[in-house]
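What follows is a short report on a single structure.
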Amino acid sequence: MRNGLGKLGTVTVVNLGIVVLCILLLSLGALKVLSDQLYDFNMKQTMSGAPHEDIIVIGIDEESIKEVGPYPWDRKVYAKLINQLEGAGVRAIGFDVEFDSESNFPESDKVLADELAKHSNIIIPSHAMLEDDFKRATKTKAGELLMARSVTEPIAAFRKSVQPAHVNAAFDTDGVIRSNWLELSSPQGVFPSMGYKMAQLGGADVRRFQALPQLEDRPKAEMLIRWDAGEYDFETIPFAKVLKGAVPAQTFKDRLVLVGYTAPGYDEGITPIEKHMHLVYAHANILNQILKQQVIQPVSKTVDLTLAFVVALLFGLLTWRVKAITGVIMALCSTLVILAGQYVLFSANLHFLDVIGALACGWIAYLGNLAMKTYFETKQKMYITKQFGRYISPDLVKEIASSEQEIQLGGISKELSVLFLDVRGFTPLSEKLKPEEVVDFLNMMFNLITERVLANHGTIDKFIGDAAMILFNAPLDVPDHPYYAVKTAYEIQLGMEQVRADVLQKYGVTISVGIGINTGEVVVGNIGSYLRVDYTAIGDNVNTAARIESNTQPNQILVSEATYELTKEYFGYHFAGEKLMKGKSMPLKLFEVLSVKGAPSSVQESKHRVS
């Protein structure tokens, strides 16, 4: 009874701690980075790549700068462009180019001002100052428009004729643009965004966007952008091509034209769908969104919290109701179902359900309860071992008490130095020896190898007849493992000198050892099947080490270029040439070990401490 109450009390306390941890994660926004990544994934995977056909972009690209002349251009150029577009019958023109100061050519400013005065469907943007001189942020209140400190507007000659709009980008904490303020308040009045104003000038129905649902903890009129198309999806025509009349006039009839920078390095930003998007296409995506009447709506935080509670409860119960492997599979399947469900919800009606918090809480609950379950099971096994060990073998008791007999399969990717060794001349020698003498000889030789390997922190993976595979840096980490691998090989060859002399004198047979070493990433761990498992290393770098060994001459140590680069300070080498190995498209550079020059500082310090 006492043990039962103790277990229940422990489970209760730990789960209360899990609840507190989950509340902290959800309330402090610690998972925002992952939530943003999920949101961006949804956005990118569901984009149509087919923007509204009324939108067209005129790009200030590299070719246009070469043809028209160095930037900034004479403002007569813009006047000419407007004249051509208006003559072609455009519905509206939006310049993502700011004209907030007078140029060095007053007559050109007047030409552009006179052209602008002829039309009422042209936007030249303003830029709002949202930060003060001391703080890199702007305070906002939910339900109110974002208030700018001031607004930099076009020069007076232009301002009186054009439509006002702002081109401010709303950056998230990670620098990605996911939303936009459809309207900003300022001392000079309210400024709509470029895309929103273009939609109004184009005659689009904007009533739905005038009454957008309030985003939680966001200013009024802030809208999540529906990134539906990338740069190359929008119809884009170079500025110079339009200017010289190389584009048919009907191309622009009744179209909504955005003019902006498309040259590399000009006016770029990070978006959920592209890392370097020219921001004229941000305005194009907003305009496209309004024309298509698409509104992204995050699901209520209440739903997020409820889902987090339910998932945490279910995952926690899984731990106690099913076996560990079954629980992991069920938890993983549940995770995939939840992720797939939120994706379907987003793709169907643009409702974003943030399930990251729910999944995080679920897995915390699962792992926390699994740790407790493992603790209690281990405690029970120790109790059984202690009690029944008085009557039968403790080793047998441990085996009986074990709930899982199978060795778990699996491996990790890790940098290892792999040494392959092969005895040459063993076959002629074995023909002259009795079977027991063959075994004695192999044991003597492998004793030498084993002593040197263990002295240099290596692991003998396997003996294969008269060959051996040796690992350095597994299963335990070994600093300077390439050094120890080459040192082992060198010491084995030194030790083999006496063995060779004895065998030659006694049996008249010459034996030798070839050693190949390679360093690189391999997969190491318990590998095999449920019937037979082996702790070993596999991968291309293991095969490379074996093939290097097969190319050695008698009593030669060859290492790969990777091992050479890591150990060339400590050993004398001779370049042995390049060899094209089986399965390789490029030859490998090989290096022969000739002498020892020194040791890494960590090895020297270790020897000094021992002495």
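Identifiers in this document derive from the order of the structure tokens: chains are assigned A, B, ..., residues are numbered from 1 separately in each chain, and ligands are numbered from 1 in order of occurrence.
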Which residues of region 486-529 of chain A come within 8 Å of region 543-563 of chain A, and what is each one's closest atom pair and distance in Å (one decimal), counting only C-alpha atoms, sorted by chain and residue number, as JSON lines?
{"residue": "A:Ala489", "atom": "CA", "partner": "A:Ile557", "partner_atom": "CA", "distance": 7.0}
{"residue": "A:Tyr490", "atom": "CA", "partner": "A:Ile557", "partner_atom": "CA", "distance": 7.5}
{"residue": "A:Gln493", "atom": "CA", "partner": "A:Asn555", "partner_atom": "CA", "distance": 6.7}
{"residue": "A:Ser512", "atom": "CA", "partner": "A:Pro554", "partner_atom": "CA", "distance": 5.3}
{"residue": "A:Val513", "atom": "CA", "partner": "A:Asn555", "partner_atom": "CA", "distance": 4.8}
{"residue": "A:Gly514", "atom": "CA", "partner": "A:Asn555", "partner_atom": "CA", "distance": 5.3}
{"residue": "A:Ile515", "atom": "CA", "partner": "A:Ile557", "partner_atom": "CA", "distance": 4.8}
{"residue": "A:Gly516", "atom": "CA", "partner": "A:Glu549", "partner_atom": "CA", "distance": 3.8}
{"residue": "A:Ile517", "atom": "CA", "partner": "A:Val559", "partner_atom": "CA", "distance": 4.7}
{"residue": "A:Asn518", "atom": "CA", "partner": "A:Ala545", "partner_atom": "CA", "distance": 4.9}
{"residue": "A:Thr519", "atom": "CA", "partner": "A:Thr563", "partner_atom": "CA", "distance": 5.3}
{"residue": "A:Gly520", "atom": "CA", "partner": "A:Ala562", "partner_atom": "CA", "distance": 7.3}
Write the residues of the selection above to a file with N, CA and C atoms, as an mmCIF file, in the first residue's frame.
data_model
loop_
_atom_site.group_PDB
_atom_site.id
_atom_site.type_symbol
_atom_site.label_atom_id
_atom_site.label_comp_id
_atom_site.auth_asym_id
_atom_site.auth_seq_id
_atom_site.Cartn_x
_atom_site.Cartn_y
_atom_site.Cartn_z
ATOM 1 N N ALA A 489 48.761 1.358 -36.081
ATOM 2 C CA ALA A 489 49.282 0.664 -37.262
ATOM 3 C C ALA A 489 50.821 0.627 -37.241
ATOM 4 N N TYR A 490 51.428 1.740 -36.890
ATOM 5 C CA TYR A 490 52.893 1.816 -36.864
ATOM 6 C C TYR A 490 53.466 0.848 -35.826
ATOM 7 N N GLN A 493 53.214 -2.793 -36.973
ATOM 8 C CA GLN A 493 54.259 -3.140 -37.933
ATOM 9 C C GLN A 493 55.611 -3.327 -37.235
ATOM 10 N N SER A 512 53.708 -11.026 -44.000
ATOM 11 C CA SER A 512 53.699 -9.562 -43.891
ATOM 12 C C SER A 512 52.293 -9.099 -43.552
ATOM 13 N N VAL A 513 52.209 -7.854 -43.170
ATOM 14 C CA VAL A 513 50.916 -7.263 -42.813
ATOM 15 C C VAL A 513 50.706 -6.006 -43.647
ATOM 16 N N GLY A 514 49.554 -5.902 -44.278
ATOM 17 C CA GLY A 514 49.153 -4.675 -44.966
ATOM 18 C C GLY A 514 48.064 -3.977 -44.168
ATOM 19 N N ILE A 515 48.201 -2.666 -43.989
ATOM 20 C CA ILE A 515 47.231 -1.920 -43.168
ATOM 21 C C ILE A 515 46.742 -0.706 -43.947
ATOM 22 N N GLY A 516 45.423 -0.544 -43.979
ATOM 23 C CA GLY A 516 44.808 0.628 -44.603
ATOM 24 C C GLY A 516 43.953 1.387 -43.603
ATOM 25 N N ILE A 517 44.023 2.714 -43.650
ATOM 26 C CA ILE A 517 43.285 3.555 -42.684
ATOM 27 C C ILE A 517 42.561 4.672 -43.431
ATOM 28 N N ASN A 518 41.331 4.921 -43.005
ATOM 29 C CA ASN A 518 40.547 6.042 -43.556
ATOM 30 C C ASN A 518 39.763 6.697 -42.431
ATOM 31 N N THR A 519 39.579 8.001 -42.522
ATOM 32 C CA THR A 519 38.809 8.761 -41.524
ATOM 33 C C THR A 519 37.627 9.435 -42.205
ATOM 34 N N GLY A 520 36.438 9.319 -41.615
ATOM 35 C CA GLY A 520 35.258 9.961 -42.189
ATOM 36 C C GLY A 520 33.990 9.555 -41.466
#
Which polymer residues have any atom within 9 Å of an atom of region 84-96 of chain A, counting only C-alpha atoms, with same-chain residues fewer than 4 positions away left out, as a ChimeraX atom specification? /A:79-80,119-125,167,194-195,197-199,201-203,242-243,245,248-261,279-280,283
Written file, previous selection with N, CA, C and O atoms, as a short mmCIF file (atom, residue, chain, number, x, y, z; two decimals), in the first residue's frame:
data_model
loop_
_atom_site.label_atom_id
_atom_site.label_comp_id
_atom_site.auth_asym_id
_atom_site.auth_seq_id
_atom_site.Cartn_x
_atom_site.Cartn_y
_atom_site.Cartn_z
N ALA A 79 7.87 60.15 -66.57
CA ALA A 79 6.77 60.86 -67.22
C ALA A 79 6.42 60.20 -68.56
O ALA A 79 5.25 60.03 -68.91
N LYS A 80 7.45 59.81 -69.30
CA LYS A 80 7.24 59.15 -70.58
C LYS A 80 6.55 57.80 -70.39
O LYS A 80 5.64 57.45 -71.14
N HIS A 119 -3.72 62.81 -64.45
CA HIS A 119 -4.34 61.51 -64.13
C HIS A 119 -4.69 61.44 -62.64
O HIS A 119 -4.12 62.15 -61.82
N SER A 120 -5.61 60.56 -62.34
CA SER A 120 -6.03 60.39 -60.94
C SER A 120 -5.91 58.94 -60.48
O SER A 120 -6.48 58.55 -59.46
N ASN A 121 -5.20 58.14 -61.24
CA ASN A 121 -5.11 56.72 -60.92
C ASN A 121 -3.66 56.28 -60.70
O ASN A 121 -3.31 55.14 -60.98
N ILE A 122 -2.83 57.18 -60.21
CA ILE A 122 -1.41 56.88 -60.03
C ILE A 122 -1.04 57.01 -58.55
O ILE A 122 -1.43 57.96 -57.88
N ILE A 123 -0.27 56.02 -58.07
CA ILE A 123 0.22 56.02 -56.69
C ILE A 123 1.72 56.27 -56.69
O ILE A 123 2.48 55.59 -57.38
N ILE A 124 2.13 57.27 -55.92
CA ILE A 124 3.55 57.42 -55.57
C ILE A 124 3.60 57.32 -54.05
O ILE A 124 2.93 58.08 -53.34
N PRO A 125 4.36 56.37 -53.53
CA PRO A 125 4.21 56.00 -52.12
C PRO A 125 4.90 56.93 -51.14
O PRO A 125 5.78 57.71 -51.49
N VAL A 167 4.45 52.10 -48.18
CA VAL A 167 5.13 50.88 -48.62
C VAL A 167 5.92 50.24 -47.48
O VAL A 167 6.90 49.54 -47.71
N MET A 194 0.07 50.03 -50.33
CA MET A 194 0.13 50.09 -51.79
C MET A 194 -0.83 49.10 -52.44
O MET A 194 -1.62 49.45 -53.31
N GLY A 195 -0.76 47.83 -51.99
CA GLY A 195 -1.62 46.82 -52.59
C GLY A 195 -3.09 47.10 -52.38
O GLY A 195 -3.93 46.90 -53.27
N LYS A 197 -4.52 50.08 -51.84
CA LYS A 197 -4.94 51.24 -52.62
C LYS A 197 -5.05 50.89 -54.10
O LYS A 197 -5.97 51.36 -54.79
N MET A 198 -4.16 50.04 -54.60
CA MET A 198 -4.24 49.62 -55.99
C MET A 198 -5.53 48.85 -56.25
O MET A 198 -6.18 49.02 -57.29
N ALA A 199 -5.92 48.02 -55.29
CA ALA A 199 -7.17 47.27 -55.45
C ALA A 199 -8.36 48.22 -55.50
O ALA A 199 -9.29 48.03 -56.29
N LEU A 201 -8.32 51.40 -56.52
CA LEU A 201 -8.29 52.10 -57.80
C LEU A 201 -8.73 51.18 -58.94
O LEU A 201 -9.28 51.65 -59.94
N GLY A 202 -8.50 49.89 -58.76
CA GLY A 202 -8.89 48.94 -59.80
C GLY A 202 -10.35 48.55 -59.72
O GLY A 202 -10.82 47.76 -60.54
N GLY A 203 -11.07 49.07 -58.75
CA GLY A 203 -12.50 48.78 -58.65
C GLY A 203 -12.83 47.49 -57.94
O GLY A 203 -13.96 46.99 -58.03
N VAL A 242 9.34 48.59 -72.23
CA VAL A 242 8.08 49.36 -72.31
C VAL A 242 8.39 50.76 -72.81
O VAL A 242 7.67 51.32 -73.65
N LEU A 243 9.47 51.34 -72.29
CA LEU A 243 9.81 52.72 -72.60
C LEU A 243 10.05 52.94 -74.10
O LEU A 243 9.65 53.96 -74.67
N GLY A 245 8.68 51.31 -76.47
CA GLY A 245 7.51 50.94 -77.26
C GLY A 245 7.57 49.56 -77.85
O GLY A 245 6.90 49.28 -78.86
N PRO A 248 3.23 45.71 -77.11
CA PRO A 248 1.95 46.15 -77.66
C PRO A 248 1.10 46.85 -76.61
O PRO A 248 1.04 46.42 -75.45
N ALA A 249 0.41 47.92 -77.02
CA ALA A 249 -0.39 48.71 -76.08
C ALA A 249 -1.49 47.89 -75.44
O ALA A 249 -1.82 48.09 -74.26
N GLN A 250 -2.07 46.94 -76.16
CA GLN A 250 -3.17 46.14 -75.60
C GLN A 250 -2.73 45.27 -74.42
O GLN A 250 -3.56 44.77 -73.67
N THR A 251 -1.39 45.09 -74.27
CA THR A 251 -0.88 44.33 -73.13
C THR A 251 -1.29 44.97 -71.81
O THR A 251 -1.51 44.28 -70.81
N PHE A 252 -1.41 46.31 -71.80
CA PHE A 252 -1.66 47.03 -70.56
C PHE A 252 -3.11 47.48 -70.39
O PHE A 252 -3.46 48.02 -69.34
N LYS A 253 -3.93 47.25 -71.39
CA LYS A 253 -5.32 47.74 -71.33
C LYS A 253 -6.06 47.10 -70.17
O LYS A 253 -6.10 45.88 -70.01
N ASP A 254 -6.65 47.96 -69.33
CA ASP A 254 -7.44 47.55 -68.15
C ASP A 254 -6.62 46.73 -67.15
O ASP A 254 -7.19 45.99 -66.35
N ARG A 255 -5.30 46.87 -67.17
CA ARG A 255 -4.46 46.13 -66.23
C ARG A 255 -4.04 47.03 -65.06
O ARG A 255 -4.07 48.26 -65.15
N LEU A 256 -3.66 46.38 -63.98
CA LEU A 256 -3.15 47.08 -62.79
C LEU A 256 -1.63 46.92 -62.81
O LEU A 256 -1.10 45.82 -62.68
N VAL A 257 -0.93 48.03 -62.97
CA VAL A 257 0.52 48.01 -63.23
C VAL A 257 1.28 48.45 -61.97
O VAL A 257 1.01 49.51 -61.40
N LEU A 258 2.23 47.61 -61.55
CA LEU A 258 3.14 47.95 -60.47
C LEU A 258 4.54 48.14 -61.05
O LEU A 258 5.02 47.30 -61.83
N VAL A 259 5.17 49.25 -60.69
CA VAL A 259 6.51 49.57 -61.17
C VAL A 259 7.47 49.48 -59.99
O VAL A 259 7.27 50.18 -58.98
N GLY A 260 8.49 48.63 -60.08
CA GLY A 260 9.41 48.49 -58.96
C GLY A 260 10.72 47.85 -59.36
O GLY A 260 10.92 47.43 -60.51
N TYR A 261 11.61 47.75 -58.38
CA TYR A 261 12.96 47.23 -58.62
C TYR A 261 12.94 45.71 -58.74
O TYR A 261 12.37 45.02 -57.90
N LEU A 279 10.49 43.45 -53.26
CA LEU A 279 9.27 43.75 -52.52
C LEU A 279 8.16 44.33 -53.38
O LEU A 279 7.03 44.48 -52.90
N VAL A 280 8.43 44.65 -54.64
CA VAL A 280 7.33 45.01 -55.52
C VAL A 280 6.38 43.82 -55.66
O VAL A 280 5.17 43.99 -55.84
N HIS A 283 3.81 43.70 -52.80
CA HIS A 283 2.62 44.49 -53.11
C HIS A 283 1.74 43.76 -54.13
O HIS A 283 0.51 43.79 -54.03
#
Picked from region 5-174 of chain A by DSSP as helix (DSSP H, G or I), as a PyMOL selection string: chain A and resi 5-27+32-46+62-68+76-88+106-117+156-159
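Compared by their closest atoms to Phe171 (chain A), and using only C-alpha atoms, the residues A:Leu580, A:Ile270, A:Ala284, A:Ala467 rank with A:Ile270 nearest.
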